[in-house]
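Coordinates as given in entry_21.cif (mmCIF, C-alpha atoms):
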data_input
loop_
_atom_site.group_PDB
_atom_site.id
_atom_site.type_symbol
_atom_site.label_atom_id
_atom_site.label_comp_id
_atom_site.auth_asym_id
_atom_site.auth_seq_id
_atom_site.Cartn_x
_atom_site.Cartn_y
_atom_site.Cartn_z
ATOM 1 C CA MET A 1 -25.085 -23.808 86.674
ATOM 2 C CA THR A 2 -25.496 -20.136 87.452
ATOM 3 C CA LEU A 3 -23.483 -17.242 86.090
ATOM 4 C CA PHE A 4 -23.289 -14.071 88.147
ATOM 5 C CA LEU A 5 -22.183 -10.985 86.216
ATOM 6 C CA ASP A 6 -21.169 -7.519 87.274
ATOM 7 C CA ARG A 7 -22.635 -4.821 85.027
ATOM 8 C CA ASP A 8 -20.500 -1.674 84.702
ATOM 9 C CA GLY A 9 -17.198 -2.513 83.018
ATOM 10 C CA VAL A 10 -18.337 -6.026 82.056
ATOM 11 C CA ILE A 11 -21.642 -5.661 80.209
ATOM 12 C CA ASN A 12 -21.517 -1.923 79.548
ATOM 13 C CA LYS A 13 -18.764 0.655 79.391
ATOM 14 C CA ARG A 14 -18.018 2.117 82.800
ATOM 15 C CA ILE A 15 -18.254 5.884 83.124
ATOM 16 C CA ILE A 16 -15.078 6.819 84.992
ATOM 17 C CA ASP A 17 -15.928 8.865 88.111
ATOM 18 C CA GLY A 18 -19.585 8.849 87.053
ATOM 19 C CA TYR A 19 -22.722 6.770 86.692
ATOM 20 C CA VAL A 20 -24.838 5.426 83.856
ATOM 21 C CA ARG A 21 -27.983 7.442 84.648
ATOM 22 C CA SER A 22 -30.079 6.809 81.535
ATOM 23 C CA TRP A 23 -30.320 4.460 78.568
ATOM 24 C CA ASP A 24 -28.683 7.164 76.412
ATOM 25 C CA GLU A 25 -25.519 6.783 78.532
ATOM 26 C CA PHE A 26 -25.541 2.971 78.421
ATOM 27 C CA VAL A 27 -23.075 1.574 75.857
ATOM 28 C CA PHE A 28 -22.490 -2.176 75.565
ATOM 29 C CA GLU A 29 -18.887 -3.325 75.819
ATOM 30 C CA ASP A 30 -17.564 -4.676 72.519
ATOM 31 C CA GLY A 31 -18.740 -8.234 71.868
ATOM 32 C CA VAL A 32 -21.195 -8.376 74.775
ATOM 33 C CA LEU A 33 -24.275 -9.111 72.667
ATOM 34 C CA GLU A 34 -22.567 -12.177 71.190
ATOM 35 C CA ALA A 35 -21.104 -13.133 74.572
ATOM 36 C CA ILE A 36 -24.466 -13.127 76.363
ATOM 37 C CA GLN A 37 -26.013 -15.089 73.493
ATOM 38 C CA ILE A 38 -23.319 -17.783 73.888
ATOM 39 C CA LEU A 39 -23.491 -17.776 77.694
ATOM 40 C CA SER A 40 -27.296 -18.071 77.612
ATOM 41 C CA GLN A 41 -26.879 -21.474 75.965
ATOM 42 C CA HIS A 42 -24.517 -22.731 78.671
ATOM 43 C CA PHE A 43 -25.946 -21.453 81.965
ATOM 44 C CA GLU A 44 -29.339 -22.287 83.495
ATOM 45 C CA THR A 45 -29.509 -18.928 85.240
ATOM 46 C CA ILE A 46 -27.728 -15.625 84.554
ATOM 47 C CA ILE A 47 -27.947 -12.944 87.223
ATOM 48 C CA VAL A 48 -26.479 -9.448 87.180
ATOM 49 C CA VAL A 49 -25.286 -8.246 90.603
ATOM 50 C CA THR A 50 -24.309 -4.603 90.615
ATOM 51 C CA ASN A 51 -23.454 -1.916 93.151
ATOM 52 C CA GLN A 52 -25.328 1.263 92.179
ATOM 53 C CA GLN A 53 -24.463 3.925 94.721
ATOM 54 C CA GLY A 54 -25.538 6.582 92.211
ATOM 55 C CA ILE A 55 -29.053 5.828 93.462
ATOM 56 C CA GLY A 56 -27.961 6.286 97.067
ATOM 57 C CA LYS A 57 -26.330 9.599 96.123
ATOM 58 C CA ARG A 58 -29.605 10.670 94.457
ATOM 59 C CA ILE A 59 -27.844 11.127 91.105
ATOM 60 C CA MET A 60 -30.395 8.728 89.621
ATOM 61 C CA THR A 61 -33.576 7.036 90.810
ATOM 62 C CA GLU A 62 -34.648 3.428 91.279
ATOM 63 C CA GLU A 63 -36.971 3.994 88.312
ATOM 64 C CA ASP A 64 -34.035 5.187 86.148
ATOM 65 C CA PHE A 65 -32.141 2.024 87.065
ATOM 66 C CA SER A 66 -35.149 -0.207 86.313
ATOM 67 C CA LEU A 67 -35.646 1.400 82.907
ATOM 68 C CA ILE A 68 -31.968 0.872 82.023
ATOM 69 C CA SER A 69 -32.103 -2.759 83.230
ATOM 70 C CA ASP A 70 -35.282 -3.493 81.277
ATOM 71 C CA LYS A 71 -33.880 -1.963 78.095
ATOM 72 C CA MET A 72 -30.579 -3.856 78.532
ATOM 73 C CA LYS A 73 -32.457 -7.166 78.888
ATOM 74 C CA GLU A 74 -34.632 -6.315 75.886
ATOM 75 C CA GLU A 75 -31.611 -5.549 73.669
ATOM 76 C CA LEU A 76 -29.845 -8.742 74.771
ATOM 77 C CA ALA A 77 -32.977 -10.786 74.036
ATOM 78 C CA LYS A 78 -33.049 -9.445 70.458
ATOM 79 C CA THR A 79 -29.796 -11.296 69.758
ATOM 80 C CA GLY A 80 -30.759 -14.492 71.594
ATOM 81 C CA GLY A 81 -29.275 -13.551 74.945
ATOM 82 C CA ARG A 82 -30.912 -13.646 78.345
ATOM 83 C CA ILE A 83 -30.504 -12.124 81.778
ATOM 84 C CA ASP A 84 -32.801 -13.778 84.315
ATOM 85 C CA ALA A 85 -32.500 -11.144 87.045
ATOM 86 C CA VAL A 86 -30.774 -7.851 87.732
ATOM 87 C CA LEU A 87 -30.052 -7.316 91.421
ATOM 88 C CA HIS A 88 -28.550 -4.115 92.733
ATOM 89 C CA CYS A 89 -27.481 -2.415 95.911
ATOM 90 C CA SER A 90 -27.942 1.339 96.147
ATOM 91 C CA ALA A 91 -26.115 1.715 99.464
ATOM 92 C CA LEU A 92 -23.155 4.060 99.630
ATOM 93 C CA ARG A 93 -19.688 2.532 99.982
ATOM 94 C CA ASN A 94 -19.225 4.024 103.470
ATOM 95 C CA GLU A 95 -22.487 2.464 104.738
ATOM 96 C CA HIS A 96 -20.903 -1.032 104.689
ATOM 97 C CA SER A 97 -24.261 -2.548 103.687
ATOM 98 C CA PHE A 98 -24.722 -6.334 103.605
ATOM 99 C CA CYS A 99 -26.128 -6.037 100.074
ATOM 100 C CA ARG A 100 -23.117 -4.146 98.688
ATOM 101 C CA LYS A 101 -20.380 -6.255 97.064
ATOM 102 C CA PRO A 102 -18.074 -7.690 98.251
ATOM 103 C CA SER A 103 -20.669 -8.600 100.929
ATOM 104 C CA VAL A 104 -22.806 -11.516 99.857
ATOM 105 C CA GLY A 105 -26.335 -10.125 100.272
ATOM 106 C CA MET A 106 -27.154 -10.020 96.549
ATOM 107 C CA GLY A 107 -25.981 -13.616 96.172
ATOM 108 C CA LEU A 108 -28.243 -14.782 98.994
ATOM 109 C CA LYS A 109 -31.148 -12.823 97.516
ATOM 110 C CA ALA A 110 -30.510 -14.517 94.159
ATOM 111 C CA ARG A 111 -30.712 -17.927 95.827
ATOM 112 C CA ARG A 112 -34.013 -16.983 97.462
ATOM 113 C CA LEU A 113 -35.344 -16.076 93.988
ATOM 114 C CA TYR A 114 -33.812 -19.162 92.335
ATOM 115 C CA PRO A 115 -33.577 -21.971 94.935
ATOM 116 C CA GLN A 116 -31.781 -24.239 92.436
ATOM 117 C CA ILE A 117 -28.630 -22.061 92.685
ATOM 118 C CA ARG A 118 -25.643 -23.889 94.125
ATOM 119 C CA PHE A 119 -22.832 -21.433 94.709
ATOM 120 C CA LYS A 120 -20.127 -24.102 94.480
ATOM 121 C CA ASP A 121 -21.349 -24.791 90.916
ATOM 122 C CA SER A 122 -21.579 -21.098 90.011
ATOM 123 C CA ILE A 123 -19.261 -18.546 88.440
ATOM 124 C CA MET A 124 -18.844 -14.863 89.239
ATOM 125 C CA ALA A 125 -17.486 -12.756 86.362
ATOM 126 C CA GLY A 126 -16.558 -9.176 87.117
ATOM 127 C CA ASP A 127 -13.949 -6.509 86.602
ATOM 128 C CA SER A 128 -13.088 -5.569 90.186
ATOM 129 C CA PHE A 129 -11.494 -7.036 93.271
ATOM 130 C CA SER A 130 -14.805 -6.663 95.161
ATOM 131 C CA ASP A 131 -16.500 -8.824 92.484
ATOM 132 C CA MET A 132 -13.861 -11.485 93.018
ATOM 133 C CA LEU A 133 -14.239 -11.394 96.816
ATOM 134 C CA PHE A 134 -18.024 -11.619 96.482
ATOM 135 C CA GLY A 135 -17.651 -14.762 94.387
ATOM 136 C CA LYS A 136 -14.963 -16.317 96.558
ATOM 137 C CA TRP A 137 -16.883 -15.672 99.807
ATOM 138 C CA LEU A 138 -19.802 -17.610 98.268
ATOM 139 C CA LYS A 139 -17.413 -20.422 97.152
ATOM 140 C CA MET A 140 -17.876 -19.673 93.430
ATOM 141 C CA LYS A 141 -15.288 -19.853 90.685
ATOM 142 C CA THR A 142 -14.159 -16.312 89.916
ATOM 143 C CA ILE A 143 -13.440 -14.858 86.488
ATOM 144 C CA LEU A 144 -11.785 -11.466 86.215
ATOM 145 C CA ILE A 145 -12.706 -9.519 83.078
ATOM 146 C CA ASP A 146 -9.702 -7.258 82.668
ATOM 147 C CA ASP A 147 -6.830 -6.938 80.219
ATOM 148 C CA SER A 148 -4.201 -6.654 82.951
ATOM 149 C CA PRO A 149 -2.619 -9.672 84.674
ATOM 150 C CA LYS A 150 -1.786 -7.539 87.748
ATOM 151 C CA LEU A 151 -4.687 -8.571 90.053
ATOM 152 C CA PRO A 152 -4.469 -12.313 89.302
ATOM 153 C CA ARG A 153 -0.759 -12.222 90.101
ATOM 154 C CA GLN A 154 -1.463 -10.424 93.386
ATOM 155 C CA TYR A 155 -4.406 -12.629 94.388
ATOM 156 C CA PRO A 156 -4.043 -16.087 92.823
ATOM 157 C CA ARG A 157 -6.210 -17.669 95.544
ATOM 158 C CA ILE A 158 -9.090 -15.282 94.894
ATOM 159 C CA ILE A 159 -9.075 -15.070 91.084
ATOM 160 C CA ASN A 160 -9.425 -18.383 89.247
ATOM 161 C CA MET A 161 -9.070 -17.110 85.672
ATOM 162 C CA ARG A 162 -8.724 -13.854 83.728
ATOM 163 C CA PHE A 163 -10.061 -12.926 80.307
ATOM 164 C CA ASN A 164 -9.674 -9.670 78.394
ATOM 165 C CA SER A 165 -13.411 -9.464 77.664
ATOM 166 C CA LEU A 166 -16.720 -11.161 78.353
ATOM 167 C CA LEU A 167 -16.698 -12.401 74.761
ATOM 168 C CA GLN A 168 -13.314 -14.084 75.242
ATOM 169 C CA PHE A 169 -14.696 -15.815 78.355
ATOM 170 C CA ALA A 170 -17.885 -16.871 76.508
ATOM 171 C CA LYS A 171 -15.881 -18.388 73.646
ATOM 172 C CA TYR A 172 -13.732 -20.253 76.172
ATOM 173 C CA ILE A 173 -16.873 -21.704 77.821
ATOM 174 C CA ARG A 174 -18.326 -22.675 74.426
ATOM 175 C CA ASP A 175 -15.088 -24.281 73.225
ATOM 176 C CA GLU A 176 -14.509 -26.160 76.514
ATOM 177 C CA GLU A 177 -17.989 -27.629 76.314
ATOM 178 C CA ASN A 178 -17.437 -28.736 72.712
ATOM 179 C CA MET A 179 -14.226 -30.611 73.488
#

Please express the file's structure as structure tokens.
Amino acid sequence: MTLFLDRDGVINKRIIDGYVRSWDEFVFEDGVLEAIQILSQHFETIIVVTNQQGIGKRIMTEEDFSLISDKMKEELAKTGGRIDAVLHCSALRNEHSFCRKPSVGMGLKARRLYPQIRFKDSIMAGDSFSDMLFGKWLKMKTILIDDSPKLPRQYPRIINMRFNSLLQFAKYIRDEENM
């Protein structure tokens, strides 16, 4: 099974109306280190798929993004966690790029990198409606990471489950498997 994860707002704290431009600005969400450690034991492949239009706006560079991604993976590995790939789309929202979520380009790229991926056996966990559409368009189960029940009530056919945090989701996965 493959787990697809959004980054900003799921793995790290989102900067409202801004961008994480350096490692100094990257702050893990509470419980994420433990969550990724648990999830690493239950998923064959874990792939981050993230829209990063800050690159397209020239607020940060591809190199800045790579350094942040490498450091994030390194810190997660220290606690027994693993991210197999970090895919991103730097296109601006108004460009309507095939790689930008909710379009499925990053998912198809992931399957080219990892041919064993079967979308119908995969999960997309994210904090936005576009994350949920991305997952649903690829026939994945969708997990909303958000403390509000508003979106799942509005879109019950698009959002399969909701958890307040990635850690709550990880514990659910661990406990379900142990039953």

Practice problem: Excluding A:Leu151 and any residue of its chain fewer than 6 positions from it, enumerate the residues within 9 Å of it, using only C-alpha atoms, and give them as a count of residues only. | Solution: 4

Exercise. Give the answer as one residue: which of A:Val86, A:Val27, A:Leu113, A:Leu5 has the shortest atom-to-atom distance to A:Thr142, using only C-alpha atoms?
Key: A:Leu5

Quiz item: Hey, what comes out of the PyMOL selection byres ((chain A and resi 169) around 10) on this file? Could you write it as a PyMOL selection string?
Solution: chain A and resi 35+38-39+125+143-145+161-168+170-175

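Among the candidates A:Trp23, A:Trp137, A:Tyr155, A:Phe4, the one nearest to A:Asp70 when counting only C-alpha atoms is A:Trp23.
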
Quiz prompt | Contacts of A:Phe98 within 12 Å, all atoms listed in the file, excl. fewer than 3 positions in-chain, as an MDAnalysis selection string | solution = chainID A and resid 51 88:95 101:109 134

Quiz item: Which is closer to A:Glu177 than all the others in A:Gly135, A:Gln41, A:Gln52, A:Leu33, using all atoms listed in the file?
Solution: A:Gln41

Self-check item: Minimum-distance residue to A:Asn12, chosen among A:Ile59, A:Asp127, A:Ser97, A:Ile47 (using all atoms listed in the file)
Solution: A:Asp127

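Distances from A:Val32, A:Val49, A:Ile55, A:Val10 to A:Cys99 were compared using only C-alpha atoms, and the smallest one belongs to A:Val49.
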
Self-check item: Distance query A:Tyr114 at most 10 Å, all atoms listed in the file, self and fewer than 3 positions along chain excluded, as an MDAnalysis selection string
Solution: chainID A and resid 2 45 47 84:85 108:111 117:118

What would the file look like if the residues just selected were written as a short mmCIF file (atom, residue, chain, number, x, y, z; two decimals), in the frame of the given file with C-alpha atoms?
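Output below, filename out-v9.cif:
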data_model
loop_
_atom_site.label_atom_id
_atom_site.label_comp_id
_atom_site.auth_asym_id
_atom_site.auth_seq_id
_atom_site.Cartn_x
_atom_site.Cartn_y
_atom_site.Cartn_z
CA THR A 2 -25.50 -20.14 87.45
CA THR A 45 -29.51 -18.93 85.24
CA ILE A 47 -27.95 -12.94 87.22
CA ASP A 84 -32.80 -13.78 84.32
CA ALA A 85 -32.50 -11.14 87.04
CA LEU A 108 -28.24 -14.78 98.99
CA LYS A 109 -31.15 -12.82 97.52
CA ALA A 110 -30.51 -14.52 94.16
CA ARG A 111 -30.71 -17.93 95.83
CA ILE A 117 -28.63 -22.06 92.68
CA ARG A 118 -25.64 -23.89 94.12
#

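Minimum atom-to-atom distances from A:Gln53, A:Thr79, A:Gln116, A:Ser66 to A:Gly31 were compared using only C-alpha atoms, and the lowest value belongs to A:Thr79.
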
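Atom pair atom CA of A:Lys78 / atom CA of A:Glu29 has a distance of 16.3 Å (rounded to one decimal).
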
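Atom pair atom CA of A:Gln37 / atom CA of A:Gly9: separated by 18.1 Å.
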
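Applied to this file, the PyMOL selection byres ((chain A and resi 20) around 10) selects Asp8, Asn12, Lys13, Arg14, Ile15, Ile16, Gly18, Tyr19, Arg21, Ser22, Trp23, Asp24, Glu25, Phe26, Val27, Gln52, Gly54, Ile59, Met60, Asp64, Phe65 and Ile68 of chain A.
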
Please list, as a PDB file with C-alpha atoms, in the frame of the given file, the residues that have an atom at most 6 Å away from (-26.5, -18.8, 86.0) in the coordinates of this file, counting all atoms listed in the file.
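point-v6.pdb, freshly written:
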ATOM      1  CA  MET A   1     -25.085 -23.808  86.674  1.00  0.00           C
ATOM      2  CA  THR A   2     -25.496 -20.136  87.452  1.00  0.00           C
ATOM      3  CA  LEU A   3     -23.483 -17.242  86.090  1.00  0.00           C
ATOM      4  CA  PHE A  43     -25.946 -21.453  81.965  1.00  0.00           C
ATOM      5  CA  GLU A  44     -29.339 -22.287  83.495  1.00  0.00           C
ATOM      6  CA  THR A  45     -29.509 -18.928  85.240  1.00  0.00           C
ATOM      7  CA  ILE A  46     -27.728 -15.625  84.554  1.00  0.00           C
TER       8      ILE A  46
END

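Rounded to one decimal, atom CA of A:Ser69 and atom CA of A:Gly81 lie 13.9 Å from each other.
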
Practice problem: On this file, the PyMOL selection byres ((chain A and resi 158) around 8) gives some set of residues; write that set as a list in words. | Solution: Met132, Leu133, Lys136, Thr142, Pro152, Tyr155, Pro156, Arg157, Ile159 and Asn160 of chain A

Go ahead and write the selection's residues with C-alpha atoms as a compact mmCIF listing (two decimals), keeping the file's coordinate frame.
# COMPACT_ATOMS: atom_id res chain seq x y z
CA MET A 132 -13.86 -11.48 93.02
CA LEU A 133 -14.24 -11.39 96.82
CA LYS A 136 -14.96 -16.32 96.56
CA THR A 142 -14.16 -16.31 89.92
CA PRO A 152 -4.47 -12.31 89.30
CA TYR A 155 -4.41 -12.63 94.39
CA PRO A 156 -4.04 -16.09 92.82
CA ARG A 157 -6.21 -17.67 95.54
CA ILE A 159 -9.07 -15.07 91.08
CA ASN A 160 -9.43 -18.38 89.25
